[in-house]
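Asker: Quick one: this structure, given as structure tokens, is what I'll be asking you about.
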Amino acid sequence: MDRRTFLVSTAATLATLPYAQRAMAEDAIGNAPVFVTGNARWQAAYDKALAVLAANVQVMPYVSKPVLIEGSVYKGIWQECGPHESLVYRKFRPDVARNSHLTFFELQRADGQLPANNKVAETSFGQIQMVVPIAATAWELARATGDSELLEAAYRACSAWDGWLMRYRNTRGTGLIEGFCTYDTGHDNSPRWAGMPNQCPNKDARTHHPIASLPRLCPDLSATTYGARRALAEMARALGKRAEADRWSESADRIRALILSKLYVPEDGAFYDLDAQDQFVRIRCDIISRVCGEHVVDQSTFDHVWRRQLHNPKAFWAPFPLPSVALDDPLFVAEIPANSWGGATQGLTALRAGRWFDHYGRSAEFSILMNQWCEGIQRDMTFRPEMNPRTGVFTHGEDHPDYSPTALVMVDYTWRLMGICEEAEALHWNARPRHSAAAGARFETRTDDGVSAAMIYSGTGVDLQLAGKPLGRIEGGAARLVTDKAGKPAYLVGIEPAGQRVTLTLPDRKPRKLTLSANQRVLV
């Protein structure tokens with residue numbers, strides 16, 4: 001989709017904005033990333049994904065600036081996912097990414113509580129509903145864009161939110177974050193919360209229903225807090241608050257140690273809730289990947305969890321990874337109903353996978369997940385929330401299309417598979433000349449420093465360009481070249497499960513032929 005087409009597709013939303021906001025949005029869209037391919041099927045899915053996202057940029061009650069809503073039947077933005085989704089979308093609409101964070105800070109209560117969501121129908125404070133830490137996504141966005149105002153607002157708001165959580169969600173005095181209801185973790189219709197209420201009584205997230213097994217110590221809610229504290233430490237350093245940074249780091253270390261000592265069962269390679277009667281709620285669900293998403297476990301522990309659960313075809317490594325409950329768990333819901341975290345493979349889980357696969361050195365296996373998801377999306381084209389992990393058939397009813405996370409998966413995975421991905425201090429050039437969508441493919445984007453970056457596929461290889469100058473060429477098999485922001489090459493990564501023969505040509509150097517095994521790193 002070229003820039004003009006993308007701008008036209010968002011015209012209806014832009015027309016509703018005040019002049020200053022509209023001008024800012026049009027400028028952002030004018031510099032949006034571009035992907036084109038000779039693969040008509042892939043291009044159609046990618047273009048439709050962008051159209052879905054453009055239509056899901058809307059203005060919600062109480063806040064006048066547009067945000068990225070969840071879409072489908074979900075007419076609003078949720079704390080557990082909205083800020084993260086907008087972060088993934090930020091190269092297309094940085095203004096929307098900013099607004100999608102500030103919405104929660106502007107609606108924060110005086111006691112520090114952040115809203116669980118802001119919907120057309122209501123702004124809810126009846127649960128905490130957090131997964132990806134808003135502190136972490138706000139820090140990443142502020143750092144990438146040099147936004148000091150966002151940084152200061154995020155630090156104030158997320159510091160107060162941590163204080164609220166420790167006042168009202170640490171009633172057992174363990175230092176871990178407690179779950180009171182189903183919606184706290186966003187696990188609608190999951191056997192994890194069977195028999196428990198969806199919301200807190202009277203929509204007051206400070207209290208729970210008088211049930212003997214409540215409250216629970218929750219690994220994922222605690223992991224979210226761990227990730228938030230790590231981000232708060234980084235924000236404090238950036239703001240020159242060294243003593244506060246040290247305190248945040250120490251508090252992060254404490255909750256991490258508690259998660260591992262109290263909520264991890266090594267013989268299972270799994271994390272479980274611990275209820276108020278000190279009984280584990282033994283269901284192997286996406287708690288596990290959520291804990292990994294915040295990098296709670298070290299590499300050795302992750303490798304064990306990976307073998308036992310995440311990469312086990314009997315558990316989570318389904319034909320279309322990753323189910324919300326392990327396939328071999330007795331509580332897995334085989335007949336996938338709508339809006340069920342009882343077994344379906346969820347678009348939200350797929351979108352969050354980018355936060356941990358590469359971190360733990362599983363880039364090659366990530367390629368399988370990404371290709372399977374993109375295949376499922378292209379086969380269906382309705383962009384619904386969930387699919388059957390065994391068949392890849394989307395299971396949400398036909399009346400649930402145009403879901404932002406699934407659209408973002410299509411866009412994000414396209415760039416992660418064959419394009420340029422920007423990290424805090426590095427650029428990842430993902431070359432897959434033999435991929436089905438590589439024929440005639442071109443990727444163009446701008447780095448956070450405003451420098452143009454491009455990958456142009458031709459023949460049996462792909463040319464890499466930075467600031468309009470040749471950076472190198474990769475031919476033959478698949479590989480990721482990692483460079484610094486100035487384009488200085490650091491290393492190659494094997495990004496396919498099978499070994500790859502690659503020829504790397506860098507300016508002023510002789511071509512170098514290499515054989516890369518899965519996840520191997522080779523200095524260049």
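How things are named: the first chain in the structure tokens is A, the next is B, and so on; residues count from 1 in each chain; ligands count from 1 in the order shown.
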Write out as a list of chain:residue names each polymer residue whose atoms come within 8 Å of stretch 122-126 of chain A, counting only C-alpha atoms; drop sequence neighbours fewer than 5 positions from it.
Answerer: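 Counting only the stated atoms, we get A:Gln113, A:Leu114, A:Pro115, A:Ala116, A:Asn117, A:Gln199, A:Cys200, A:Pro201, A:Asn202, A:Lys203, A:Asp204, A:Ala205.
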Asker: Would you please give, as number ranges by chain, all residues of stretch 335-513 of chain A that DSSP assigns to alpha helix (DSSP H) based on the backbone?
Answerer: A: 347-352, 363-380, 404-418
Asker: Considering only C-alpha atoms, can you say which of A:Arg355, A:Arg167, A:His435, A:Lys119 comes closest to A:Glu496?
Answerer: A:His435
Asker: Give the answer as one residue: which of A:Met387, A:Val63, A:Ala55, A:Ala49 has the shortest atom-to-atom distance to A:Val120, using only C-alpha atoms?
Answerer: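 Of the candidates, the smallest distance to A:Val120 is held by A:Val63.
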Asker: Kindly indicate which residue among A:Ala160, A:Leu310, A:Met455, A:Val59 lies nearest to A:Glu365, using only C-alpha atoms for the distances.
Answerer: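 Closest candidate: A:Leu310.
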Asker: Measuring between only C-alpha atoms, which one of A:Glu422, A:Asp273, A:Asp358, A:Asp463 shows the shortest distance to A:Thr483?
Answerer: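 Nearest to A:Thr483: A:Glu422.
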Asker: Got a sec: who's within 8 Å of A:Ile287, counting only C-alpha atoms, leaving out chain neighbours fewer than 4 positions off, as a list in words?
Answerer: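 These residues fall inside the cut-off: Pro219, Asp220, Phe271, Tyr272 and Val291 of chain A.
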Asker: Output N, CA and C atoms for every residue in that selection, as a compact mmCIF listing (two decimals), in the first residue's frame.
Answerer:
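As a result, part_22.txt now contains:
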```txt
# COMPACT_ATOMS: atom_id res chain seq x y z
N PRO A 219 0.99 -15.26 38.85
CA PRO A 219 2.31 -15.08 38.23
C PRO A 219 2.33 -14.01 37.16
N ASP A 220 1.28 -13.98 36.31
CA ASP A 220 1.30 -13.03 35.20
C ASP A 220 1.08 -11.59 35.67
N PHE A 271 4.06 -22.14 35.53
CA PHE A 271 3.68 -21.20 36.57
C PHE A 271 2.18 -21.34 36.83
N TYR A 272 1.80 -21.27 38.10
CA TYR A 272 0.40 -21.41 38.47
C TYR A 272 -0.01 -20.34 39.47
N VAL A 291 4.66 -14.66 31.52
CA VAL A 291 5.81 -14.51 32.42
C VAL A 291 7.09 -14.38 31.60
```
Asker: Which polymer residues have any atom within 7 Å of an atom of A:Ile474, counting only C-alpha atoms, with same-chain residues fewer than 5 positions away left out, as a list in words?
Answerer: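 Selected residues are Ala431, Gly461, Val462, Asp463, Val502, Thr503, Leu504 and Thr505 of chain A.
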Asker: How would the residues just chosen look if you wrote them out with C-alpha atoms as a PDB file, in the first residue's frame?
Answerer:
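Here's the written file part-v4.pdb:
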```
ATOM      1  CA  ALA A 431      16.425 -11.343   4.750  1.00  0.00           C
ATOM      2  CA  GLY A 461      18.975 -11.887  -2.876  1.00  0.00           C
ATOM      3  CA  VAL A 462      18.107  -8.608  -1.222  1.00  0.00           C
ATOM      4  CA  ASP A 463      19.887  -5.255  -1.198  1.00  0.00           C
ATOM      5  CA  VAL A 502      24.140 -17.427   2.827  1.00  0.00           C
ATOM      6  CA  THR A 503      26.408 -15.059   0.936  1.00  0.00           C
ATOM      7  CA  LEU A 504      26.930 -11.724   2.675  1.00  0.00           C
ATOM      8  CA  THR A 505      28.443  -8.850   0.707  1.00  0.00           C
TER       9      THR A 505
END
```
Asker: Quick check, in Å to one decimal: how far apart do atom CA of A:Glu267 and atom CA of A:Leu322 lie?
Answerer: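 It comes out at 21.1 Å.
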Asker: Using only C-alpha atoms, which residues sit within 9 Å of A:Pro489 once same-chain residues fewer than 6 positions away are excluded, as a list in words?
Answerer: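 Surrounding residues, per the criterion: Leu471, Leu481, Val482, Thr483, Leu506, Leu523 and Val524 of chain A.
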Asker: Counting only C-alpha atoms, what is within 10 Å of A:Ser300, bar same-chain residues fewer than 5 positions away, as a PyMOL selection string?
Answerer: chain A and resi 305-306+360
Asker: Please, could you write that set of residues out with N, CA and C atoms as a PDB file, in the first residue's frame?
Answerer:
```pdb
ATOM      1  N   VAL A 305      11.476 -24.607  30.450  1.00  0.00           N
ATOM      2  CA  VAL A 305      10.075 -24.322  30.153  1.00  0.00           C
ATOM      3  C   VAL A 305       9.799 -24.539  28.661  1.00  0.00           C
ATOM      4  N   TRP A 306      10.736 -24.148  27.845  1.00  0.00           N
ATOM      5  CA  TRP A 306      10.610 -24.309  26.387  1.00  0.00           C
ATOM      6  C   TRP A 306      10.458 -25.786  26.020  1.00  0.00           C
ATOM      7  N   TYR A 360      15.000 -14.760  23.994  1.00  0.00           N
ATOM      8  CA  TYR A 360      15.499 -16.042  24.487  1.00  0.00           C
ATOM      9  C   TYR A 360      16.150 -16.894  23.388  1.00  0.00           C
TER      10      TYR A 360
END
```
Asker: Please tabulate, as CSV, the residues of stretch 95-158 of chain A that come within 6 Å of stretch 223-237 of chain A, each with its closest pair of atoms and the distance in Å to one decimal, counting only C-alpha atoms and ordering rows by chain, then residue number upward.
Answerer:
```
residue,atom,partner,partner_atom,distance
A:Val131,CA,A:Thr224,CA,5.8
A:Pro133,CA,A:Thr224,CA,5.3
A:Ala135,CA,A:Ala228,CA,5.0
A:Ala136,CA,A:Ala231,CA,5.0
```
Asker: With C-alpha atoms retained, could you export that selection as an mmCIF file, in the first residue's frame?
Answerer:
```cif
data_model
loop_
_atom_site.group_PDB
_atom_site.id
_atom_site.type_symbol
_atom_site.label_atom_id
_atom_site.label_comp_id
_atom_site.auth_asym_id
_atom_site.auth_seq_id
_atom_site.Cartn_x
_atom_site.Cartn_y
_atom_site.Cartn_z
ATOM 1 C CA VAL A 131 -0.805 -7.933 30.812
ATOM 2 C CA PRO A 133 2.963 -3.247 31.281
ATOM 3 C CA ALA A 135 5.008 1.507 31.920
ATOM 4 C CA ALA A 136 7.156 -0.617 29.590
#
```
Asker: How would you write, as a PyMOL selection string, the set of residues in stretch 268-492 of chain A that DSSP gives as strand (DSSP E)?
Answerer: chain A and resi 270-271+273-274+280-281+345-346+386-387+420-422+427-431+442-446+452-458+461-466+469-476+479-483+489-492
Asker: Of the candidates A:Ala318, A:Leu427, A:Leu53, A:Ala453, which one gets nearest to A:Gly392 if we count only C-alpha atoms?
Answerer: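 Of all the options, A:Ala318 lies closest to A:Gly392.
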Asker: Excluding stretch 28-40 of chain A and any residue of its chain fewer than 6 positions from it, enumerate the residues within 6 Å of it, using only C-alpha atoms, and give them as a tab-separated table (two decimals) with all heavy atoms, in the first residue's frame.
Answerer:
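The resulting file, selection20.tsv, is shown below:
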```tsv
chain	number	residue	atom	x	y	z
A	3	ARG	N	1.77	5.42	0.15
A	3	ARG	CA	1.39	6.39	1.18
A	3	ARG	C	0.07	7.09	0.84
A	3	ARG	O	-0.74	7.39	1.71
A	3	ARG	CB	2.52	7.42	1.35
A	3	ARG	CG	3.79	6.82	1.95
A	3	ARG	CD	4.82	7.90	2.23
A	3	ARG	NE	5.99	7.34	2.86
A	3	ARG	CZ	7.08	6.96	2.23
A	3	ARG	NH1	7.14	7.06	0.92
A	3	ARG	NH2	8.11	6.46	2.88
A	92	PHE	N	3.32	3.88	11.85
A	92	PHE	CA	2.27	4.37	10.97
A	92	PHE	C	1.56	5.58	11.56
A	92	PHE	O	1.23	6.52	10.85
A	92	PHE	CB	1.26	3.25	10.69
A	92	PHE	CG	1.84	2.09	9.93
A	92	PHE	CD1	2.44	1.04	10.60
A	92	PHE	CD2	1.80	2.06	8.55
A	92	PHE	CE1	2.99	-0.02	9.91
A	92	PHE	CE2	2.35	1.00	7.84
A	92	PHE	CZ	2.95	-0.05	8.52
A	93	ARG	N	1.32	5.55	12.87
A	93	ARG	CA	0.61	6.64	13.53
A	93	ARG	C	1.24	6.90	14.90
A	93	ARG	O	0.70	6.50	15.93
A	93	ARG	CB	-0.88	6.32	13.67
A	93	ARG	CG	-1.68	6.31	12.37
A	93	ARG	CD	-1.80	7.70	11.75
A	93	ARG	NE	-2.44	8.66	12.62
A	93	ARG	CZ	-3.76	8.89	12.67
A	93	ARG	NH1	-4.58	8.19	11.89
A	93	ARG	NH2	-4.27	9.80	13.46
A	437	ALA	N	6.68	-14.46	-0.27
A	437	ALA	CA	6.31	-13.06	-0.46
A	437	ALA	C	7.50	-12.19	-0.83
A	437	ALA	O	7.37	-10.96	-0.93
A	437	ALA	CB	5.65	-12.52	0.80
A	439	ALA	N	9.32	-12.26	-3.72
A	439	ALA	CA	9.44	-11.92	-5.14
A	439	ALA	C	8.95	-10.50	-5.39
A	439	ALA	O	7.79	-10.16	-5.14
A	439	ALA	CB	8.64	-12.91	-5.98
A	440	GLY	N	9.86	-9.66	-5.86
A	440	GLY	CA	9.51	-8.27	-6.14
A	440	GLY	C	9.19	-7.45	-4.91
A	440	GLY	O	8.58	-6.37	-5.03
A	441	ALA	N	9.61	-7.90	-3.75
A	441	ALA	CA	9.26	-7.20	-2.51
A	441	ALA	C	10.18	-6.01	-2.26
A	441	ALA	O	11.37	-6.01	-2.61
A	441	ALA	CB	9.33	-8.16	-1.33
A	442	ARG	N	9.60	-5.00	-1.64
A	442	ARG	CA	10.37	-3.81	-1.25
A	442	ARG	C	9.84	-3.31	0.09
A	442	ARG	O	8.63	-3.20	0.29
A	442	ARG	CB	10.23	-2.71	-2.31
A	442	ARG	CG	11.11	-1.49	-2.02
A	442	ARG	CD	10.98	-0.44	-3.10
A	442	ARG	NE	9.83	0.43	-2.88
A	442	ARG	CZ	8.72	0.42	-3.57
A	442	ARG	NH1	8.56	-0.46	-4.54
A	442	ARG	NH2	7.73	1.26	-3.30
A	443	PHE	N	10.74	-3.02	0.98
A	443	PHE	CA	10.40	-2.43	2.28
A	443	PHE	C	11.09	-1.08	2.39
A	443	PHE	O	12.28	-0.96	2.11
A	443	PHE	CB	10.91	-3.32	3.43
A	443	PHE	CG	10.20	-4.64	3.56
A	443	PHE	CD1	10.58	-5.73	2.78
A	443	PHE	CD2	9.17	-4.81	4.47
A	443	PHE	CE1	9.94	-6.96	2.91
A	443	PHE	CE2	8.53	-6.03	4.61
A	443	PHE	CZ	8.91	-7.10	3.83
A	444	GLU	N	10.34	-0.07	2.82
A	444	GLU	CA	10.91	1.25	3.05
A	444	GLU	C	10.35	1.81	4.35
A	444	GLU	O	9.14	1.76	4.59
A	444	GLU	CB	10.55	2.21	1.91
A	444	GLU	CG	11.13	1.82	0.56
A	444	GLU	CD	10.68	2.77	-0.55
A	444	GLU	OE1	10.07	3.82	-0.21
A	444	GLU	OE2	10.92	2.47	-1.72
A	445	THR	N	11.23	2.35	5.17
A	445	THR	CA	10.79	2.96	6.43
A	445	THR	C	11.79	4.01	6.84
A	445	THR	O	12.83	4.20	6.18
A	445	THR	CB	10.63	1.89	7.52
A	445	THR	OG1	10.01	2.47	8.68
A	445	THR	CG2	11.97	1.28	7.93
```
